[in-house]
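The structure appears below as structure tokens.
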Amino acid sequence: MNMKTLQTGPTISVAHLAKSFGQAQAVHDVSFDVQRGEIFGLLGPNGAGKTTTIRMILDIFKPDRGDISILGGPITDAKKEQIGYLPEERGLYKDLKVEECVLYLAELKGLPRRVARERAMAYFKQLDLIEHRNKKVNDLSKGMQQKVQVITTLIHQPAVVIIDEPFSGLDPVNTRLIQEMLMQERQRGTTIIMSTHQMYQVEEMCDRIVLINKGDSVLYGGVDEIRRRYADNAVRVTVRGELPHIDGVVETERKGNERTLHLPKDMPAQAVLRRLADAPDSTVESFELAIPTLDDIFVRVVSEE
Amino acid sequence: MRKVFQIARNEYRRRVARKSFILVLLMPLFIVVVGVAVSLLSASAAINSDRGVVGYIDPNHALARAIQPPANAANTFARFPDVAAAEAALRSRQIIAYYVLAPDFATSGKVDFVYWQNQPGNTVKRAFDRFARSAIVDGSNAQVAQRLLNGTNFTLRTPDGSRTFNNNDVFSIVMPLAVAVLFVISLFSGAAYLMQAVVDEKENRTIEIIITSVTPMQLMSGKIVGLAAVGLTQVVVWLVAGAAALQAARPHVEFLQTARIDPGFIALALVLSVLQYLLLGSFMAAIGSVVVDVKQGQAWSSPVTLVSMVPLFFFALIVFDPNSIIAVILSLFPLTAPLALLLRYNMTAVPAWQIVAAIGLLALSVAGAMWLAARIFRIGMLRYGQAVKIGEIAAAIHF
């Protein structure tokens, strides 16, 4: 729906959420806020409690404890029409034709059939599915089904989109296409929660993240801020020729032509760059501060936990 | 309500478009058409070969006062002085058969029947029986004789006159049986569709998406209503085809000529069908949501199916003693009420209070079952590849 709920504060607010199934505690204590118009990464290893958290936000499960606010308050039937959901377990009616399936799911989100048809046609063109719209879903490749699934998630122009592994099964071209669609959604002001294990996608697309491990939120904040927070005093360099000896370097790691030089806390990176530039037998090809990737941080945090 | 309608419409379109539905719809029609055609052909052949004069040799004038059927009747009777004369008439095709009455026919009733090549059917025998019996009654008063020959024709009425039943209608025995068979086929296949639809939804993984657009109750209601419409389509097509077949067969089949279809019976059948479907459907949807696959679902649903079919096990009792306590109990118990009531309806004058009570109890059960099913559905819907335990179901109902 085009309608957006007027509200101040976060679009989604989750506070001290907990949920058990019998003896198994799926979510212990998860808290985070998602601001309007941001892409928010919901990260964590398998079985951390991400899907259960999503299902509680969507009112599929009732939490045992904690509070959830979405679009300014508790979830209602009307608000459900402002949410687009792409679950990890993909779901389409295999025996229906592609267009029929999309229109049916759009209608259930409150979209009039005529509008749904217009938008569906636009998406089919954009995602190169126009030739396949009258085929049965079952006759499509996995990648095509994934694109249809994305259409059903976005067709009603939701205020909130929750997507779980949106790029699985897609080739690089279609991955880029879906990525661009999600970025356009963000520009439109849509709030997006994205759960994925592809950390480079998170770095590229997400503004902020929460990392859930064993049912607890263990890392929360802006992507750049977290990467800086976990950065050691180190530089990554690529040089042609012999790497000169640099006084003060604590440890050197080599990965291909690239070397990571770990420095003492009080040693500025400029000192290393100056020494490299002065070295007569080597040429600096690249030089950057060694900020850890989210992948590194993910592994480090989860391992420490 | 809009979403319930959308889900119902989707379910209806998906099911009706399937080849299996078309097959289930057309197969009974095909059987009826073939059956009617065969019986009409054979009836027509039999009628033609059975028409004509039937001779009899009556040495002691036992049938002297017998009343001759009207001239336009299928069979009239001609007396022959001896076997030789009758034999000659038979050979020259003047008569189609002849009876030889024993000298002590008046006391023993013994008679021989002689025919040429093809044995005439029962209509000839019945006509001769009637002709012979007419000799016993006083032939001077044809109207009284006719009355005696026709026997009694009583109508059963409830004290308030709200329900009546005529015992001379053979059709009334055939009709409930036919409707009961239709009922069982359409209801149970419809309920099985519903369980299949829920299991499909889980297997397709669409349930997790749908449930973010509608409530479990809306989803359940939509499916139940949609598939009820599928069942209703089946029943209506079959009823219309059945009525057409009946109309076609009526002039050629004797007992159908006096048959009438009670509109009250059809209305009751429709009301009970819809309610029973909703009740079974709720159970089946709940079962579909907690099982892993259709096979397991069939195992879970068989007790419900068996209980609903109990009236068929008591068919003889219900038909021959339709007011027995067991028949009444089966008419009031919601799962068995529709079948039991339909079987009894044309066997006796079922008191109006029993019909009202049965419908009321059934409607209440439907409401309870739908509520219950939505609760169970909520815990079972996202269990992929893993059945829900009885304890969890009990907890969900209690919660």
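Please note that chains go A, B, ... in the order of the structure tokens, that every chain numbers its residues from 1, and that ligands are numbered from 1 in the order shown.
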Exercise. Residues of chain A near chain B: apply a cut-off of 10 Å, count only C-alpha atoms, and supply the list as a PyMOL selection string.
Key: chain A and resi 22+55+58-61+77-96+100-101+104-110+152-153
Using N, CA and C atoms, can you write the selected residues to a file as an mmCIF file, in the first residue's frame?
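File again-v6.cif, as written:
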```cif
data_model
loop_
_atom_site.group_PDB
_atom_site.id
_atom_site.type_symbol
_atom_site.label_atom_id
_atom_site.label_comp_id
_atom_site.auth_asym_id
_atom_site.auth_seq_id
_atom_site.Cartn_x
_atom_site.Cartn_y
_atom_site.Cartn_z
ATOM 1 N N GLY A 22 8.558 -25.484 24.177
ATOM 2 C CA GLY A 22 8.785 -26.570 25.137
ATOM 3 C C GLY A 22 9.995 -26.211 25.997
ATOM 4 N N ARG A 55 9.356 -14.035 13.049
ATOM 5 C CA ARG A 55 7.973 -14.523 13.160
ATOM 6 C C ARG A 55 7.218 -13.851 14.302
ATOM 7 N N LEU A 58 6.161 -10.493 13.086
ATOM 8 C CA LEU A 58 5.034 -10.619 12.147
ATOM 9 C C LEU A 58 3.773 -11.183 12.805
ATOM 10 N N ASP A 59 3.847 -11.428 14.097
ATOM 11 C CA ASP A 59 2.683 -11.918 14.839
ATOM 12 C C ASP A 59 2.310 -13.351 14.457
ATOM 13 N N ILE A 60 3.283 -14.074 13.896
ATOM 14 C CA ILE A 60 3.019 -15.494 13.627
ATOM 15 C C ILE A 60 3.150 -16.247 14.950
ATOM 16 N N PHE A 61 4.147 -15.882 15.738
ATOM 17 C CA PHE A 61 4.287 -16.407 17.101
ATOM 18 C C PHE A 61 4.072 -15.280 18.097
ATOM 19 N N ASP A 77 -4.335 -6.143 11.904
ATOM 20 C CA ASP A 77 -4.609 -6.707 10.574
ATOM 21 C C ASP A 77 -4.325 -5.676 9.482
ATOM 22 N N ALA A 78 -4.655 -4.387 9.768
ATOM 23 C CA ALA A 78 -4.413 -3.336 8.768
ATOM 24 C C ALA A 78 -2.912 -3.162 8.531
ATOM 25 N N LYS A 79 -2.131 -3.263 9.597
ATOM 26 C CA LYS A 79 -0.683 -3.095 9.445
ATOM 27 C C LYS A 79 -0.069 -4.253 8.661
ATOM 28 N N LYS A 80 -0.680 -5.428 8.782
ATOM 29 C CA LYS A 80 -0.143 -6.580 8.038
ATOM 30 C C LYS A 80 -0.125 -6.299 6.540
ATOM 31 N N GLU A 81 -1.071 -5.457 6.093
ATOM 32 C CA GLU A 81 -1.117 -5.138 4.665
ATOM 33 C C GLU A 81 0.009 -4.194 4.272
ATOM 34 N N GLN A 82 0.702 -3.604 5.264
ATOM 35 C CA GLN A 82 1.816 -2.696 4.970
ATOM 36 C C GLN A 82 3.169 -3.398 5.121
ATOM 37 N N ILE A 83 3.109 -4.715 5.265
ATOM 38 C CA ILE A 83 4.354 -5.476 5.441
ATOM 39 C C ILE A 83 4.538 -6.431 4.262
ATOM 40 N N GLY A 84 5.753 -6.476 3.766
ATOM 41 C CA GLY A 84 6.096 -7.465 2.745
ATOM 42 C C GLY A 84 7.060 -8.454 3.367
ATOM 43 N N TYR A 85 6.812 -9.738 3.155
ATOM 44 C CA TYR A 85 7.636 -10.751 3.830
ATOM 45 C C TYR A 85 8.131 -11.784 2.832
ATOM 46 N N LEU A 86 9.420 -11.977 2.843
ATOM 47 C CA LEU A 86 10.030 -13.024 2.020
ATOM 48 C C LEU A 86 10.683 -14.012 2.986
ATOM 49 N N PRO A 87 10.000 -15.108 3.268
ATOM 50 C CA PRO A 87 10.551 -16.031 4.277
ATOM 51 C C PRO A 87 11.701 -16.871 3.728
ATOM 52 N N GLU A 88 12.425 -17.451 4.648
ATOM 53 C CA GLU A 88 13.559 -18.300 4.254
ATOM 54 C C GLU A 88 13.040 -19.502 3.461
ATOM 55 N N GLU A 89 11.931 -20.070 3.947
ATOM 56 C CA GLU A 89 11.291 -21.179 3.220
ATOM 57 C C GLU A 89 10.394 -20.549 2.169
ATOM 58 N N ARG A 90 10.832 -20.554 0.923
ATOM 59 C CA ARG A 90 10.077 -19.891 -0.146
ATOM 60 C C ARG A 90 8.725 -20.571 -0.352
ATOM 61 N N GLY A 91 7.719 -19.782 -0.679
ATOM 62 C CA GLY A 91 6.402 -20.380 -0.846
ATOM 63 C C GLY A 91 5.597 -19.767 -1.973
ATOM 64 N N LEU A 92 5.309 -20.557 -2.990
ATOM 65 C CA LEU A 92 4.422 -20.130 -4.077
ATOM 66 C C LEU A 92 3.511 -21.307 -4.407
ATOM 67 N N TYR A 93 2.360 -21.003 -4.981
ATOM 68 C CA TYR A 93 1.450 -22.085 -5.388
ATOM 69 C C TYR A 93 1.957 -22.674 -6.697
ATOM 70 N N LYS A 94 2.508 -23.860 -6.590
ATOM 71 C CA LYS A 94 3.181 -24.477 -7.745
ATOM 72 C C LYS A 94 2.226 -24.752 -8.897
ATOM 73 N N ASP A 95 0.947 -25.020 -8.580
ATOM 74 C CA ASP A 95 0.013 -25.389 -9.640
ATOM 75 C C ASP A 95 -0.669 -24.183 -10.281
ATOM 76 N N LEU A 96 -0.363 -22.987 -9.786
ATOM 77 C CA LEU A 96 -0.968 -21.788 -10.378
ATOM 78 C C LEU A 96 -0.041 -21.197 -11.429
ATOM 79 N N GLU A 100 -1.321 -15.440 -11.997
ATOM 80 C CA GLU A 100 -2.422 -15.708 -11.073
ATOM 81 C C GLU A 100 -1.920 -15.740 -9.633
ATOM 82 N N CYS A 101 -0.785 -16.378 -9.451
ATOM 83 C CA CYS A 101 -0.214 -16.520 -8.115
ATOM 84 C C CYS A 101 0.135 -15.144 -7.530
ATOM 85 N N TYR A 104 -3.088 -13.149 -6.760
ATOM 86 C CA TYR A 104 -3.778 -13.652 -5.572
ATOM 87 C C TYR A 104 -3.098 -13.151 -4.292
ATOM 88 N N LEU A 105 -1.773 -13.285 -4.247
ATOM 89 C CA LEU A 105 -1.056 -12.865 -3.037
ATOM 90 C C LEU A 105 -1.141 -11.341 -2.864
ATOM 91 N N ALA A 106 -1.169 -10.611 -3.990
ATOM 92 C CA ALA A 106 -1.298 -9.145 -3.910
ATOM 93 C C ALA A 106 -2.676 -8.756 -3.391
ATOM 94 N N GLU A 107 -3.697 -9.470 -3.856
ATOM 95 C CA GLU A 107 -5.064 -9.180 -3.397
ATOM 96 C C GLU A 107 -5.208 -9.413 -1.905
ATOM 97 N N LEU A 108 -4.548 -10.458 -1.428
ATOM 98 C CA LEU A 108 -4.617 -10.725 0.016
ATOM 99 C C LEU A 108 -3.954 -9.613 0.816
ATOM 100 N N LYS A 109 -3.067 -8.853 0.165
ATOM 101 C CA LYS A 109 -2.449 -7.696 0.827
ATOM 102 C C LYS A 109 -3.275 -6.431 0.621
ATOM 103 N N GLY A 110 -4.470 -6.595 0.101
ATOM 104 C CA GLY A 110 -5.384 -5.466 -0.008
ATOM 105 C C GLY A 110 -5.276 -4.693 -1.305
ATOM 106 N N THR A 152 6.139 -10.780 -5.232
ATOM 107 C CA THR A 152 5.005 -10.890 -4.300
ATOM 108 C C THR A 152 5.299 -10.161 -2.984
ATOM 109 N N THR A 153 6.586 -9.993 -2.681
ATOM 110 C CA THR A 153 6.959 -9.298 -1.440
ATOM 111 C C THR A 153 6.814 -7.785 -1.585
#
```
Exercise. Quote the spacing between atom CA of Val237 of chain A and atom CA of Leu261 of chain A in Å to one decimal place.
Key: 7.8 Å
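Taking atom CA of Leu103 of chain A and atom CA of Gly190 of chain B as endpoints, the distance between them is 25.9 Å.
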Self-check item: Selection near Ala71 of chain B, 12 Å with only C-alpha atoms, sequence-local residues under 3 positions removed, as number ranges by chain
Solution: B: 51-53, 67-68, 74-77
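DSSP on the backbone gives strand (DSSP E or B) for these parts of segment 105-235 of chain A: Lys136, Val160, Val161, Ile162, Ile163, Asp164, Thr191, Ile192, Ile193, Met194, Ser195, Arg208, Ile209, Val210, Leu211, Ile212, Asn213, Asp216, Ser217, Val218, Leu219, Tyr220, Gly221, Gly222, Ala234 and Val235 of chain A.
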Limited to N, CA and C atoms, could you put the picked residues into a file as a tab-separated table (two decimals), in the first residue's frame?
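For reference, selection_1.tsv as written:
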```tsv
chain	number	residue	atom	x	y	z
A	136	LYS	N	3.09	-22.24	-15.44
A	136	LYS	CA	2.85	-22.62	-14.04
A	136	LYS	C	4.14	-22.37	-13.24
A	160	VAL	N	7.06	-1.69	5.32
A	160	VAL	CA	8.10	-2.51	5.96
A	160	VAL	C	8.30	-3.77	5.13
A	161	VAL	N	9.57	-4.07	4.86
A	161	VAL	CA	9.88	-5.30	4.14
A	161	VAL	C	10.79	-6.15	5.02
A	162	ILE	N	10.45	-7.39	5.19
A	162	ILE	CA	11.30	-8.31	5.96
A	162	ILE	C	11.69	-9.44	5.02
A	163	ILE	N	12.99	-9.54	4.76
A	163	ILE	CA	13.43	-10.52	3.77
A	163	ILE	C	14.53	-11.40	4.36
A	164	ASP	N	14.37	-12.69	4.10
A	164	ASP	CA	15.30	-13.67	4.63
A	164	ASP	C	16.06	-14.28	3.46
A	191	THR	N	11.20	0.67	5.03
A	191	THR	CA	12.10	0.14	6.06
A	191	THR	C	12.32	-1.34	5.76
A	192	ILE	N	13.59	-1.74	5.71
A	192	ILE	CA	13.87	-3.12	5.30
A	192	ILE	C	14.69	-3.84	6.37
A	193	ILE	N	14.21	-4.98	6.78
A	193	ILE	CA	15.02	-5.86	7.63
A	193	ILE	C	15.48	-7.00	6.74
A	194	MET	N	16.79	-7.18	6.69
A	194	MET	CA	17.34	-8.23	5.81
A	194	MET	C	18.15	-9.22	6.64
A	195	SER	N	17.77	-10.47	6.55
A	195	SER	CA	18.53	-11.50	7.24
A	195	SER	C	19.31	-12.26	6.18
A	208	ARG	N	22.60	-0.44	9.37
A	208	ARG	CA	22.89	-0.91	10.73
A	208	ARG	C	22.59	-2.40	10.81
A	209	ILE	N	23.11	-3.02	11.88
A	209	ILE	CA	22.87	-4.47	12.05
A	209	ILE	C	22.64	-4.81	13.52
A	210	VAL	N	22.07	-5.97	13.71
A	210	VAL	CA	22.11	-6.60	15.03
A	210	VAL	C	22.58	-8.03	14.79
A	211	LEU	N	23.45	-8.49	15.65
A	211	LEU	CA	23.94	-9.87	15.55
A	211	LEU	C	23.33	-10.65	16.71
A	212	ILE	N	22.59	-11.67	16.37
A	212	ILE	CA	21.97	-12.50	17.41
A	212	ILE	C	22.75	-13.80	17.51
A	213	ASN	N	23.06	-14.19	18.72
A	213	ASN	CA	23.73	-15.48	18.92
A	213	ASN	C	23.12	-16.17	20.13
A	216	ASP	N	20.42	-14.27	22.03
A	216	ASP	CA	20.67	-12.94	22.59
A	216	ASP	C	21.22	-12.01	21.51
A	217	SER	N	20.87	-10.72	21.59
A	217	SER	CA	21.51	-9.77	20.67
A	217	SER	C	22.87	-9.41	21.27
A	218	VAL	N	23.92	-9.70	20.53
A	218	VAL	CA	25.28	-9.56	21.08
A	218	VAL	C	26.05	-8.43	20.41
A	219	LEU	N	25.55	-7.93	19.31
A	219	LEU	CA	26.25	-6.84	18.62
A	219	LEU	C	25.20	-6.01	17.91
A	220	TYR	N	25.27	-4.69	18.08
A	220	TYR	CA	24.19	-3.85	17.56
A	220	TYR	C	24.75	-2.48	17.24
A	221	GLY	N	24.49	-1.97	16.06
A	221	GLY	CA	24.92	-0.61	15.73
A	221	GLY	C	25.09	-0.43	14.24
A	222	GLY	N	25.71	0.74	13.85
A	222	GLY	CA	25.97	1.03	12.45
A	222	GLY	C	27.07	0.13	11.91
A	234	ALA	N	46.21	-1.54	12.44
A	234	ALA	CA	46.91	-2.33	11.43
A	234	ALA	C	46.69	-1.69	10.07
A	235	VAL	N	47.61	-1.94	9.16
A	235	VAL	CA	47.45	-1.44	7.79
A	235	VAL	C	47.61	-2.61	6.84
```
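By chain and then residue number, the residues within 7 Å of segment 244-248 of chain A are Leu263, Pro264, Val272, Arg275, Leu276 and Ala279 of chain A, counting only C-alpha atoms and disregarding those fewer than 3 positions away in sequence.
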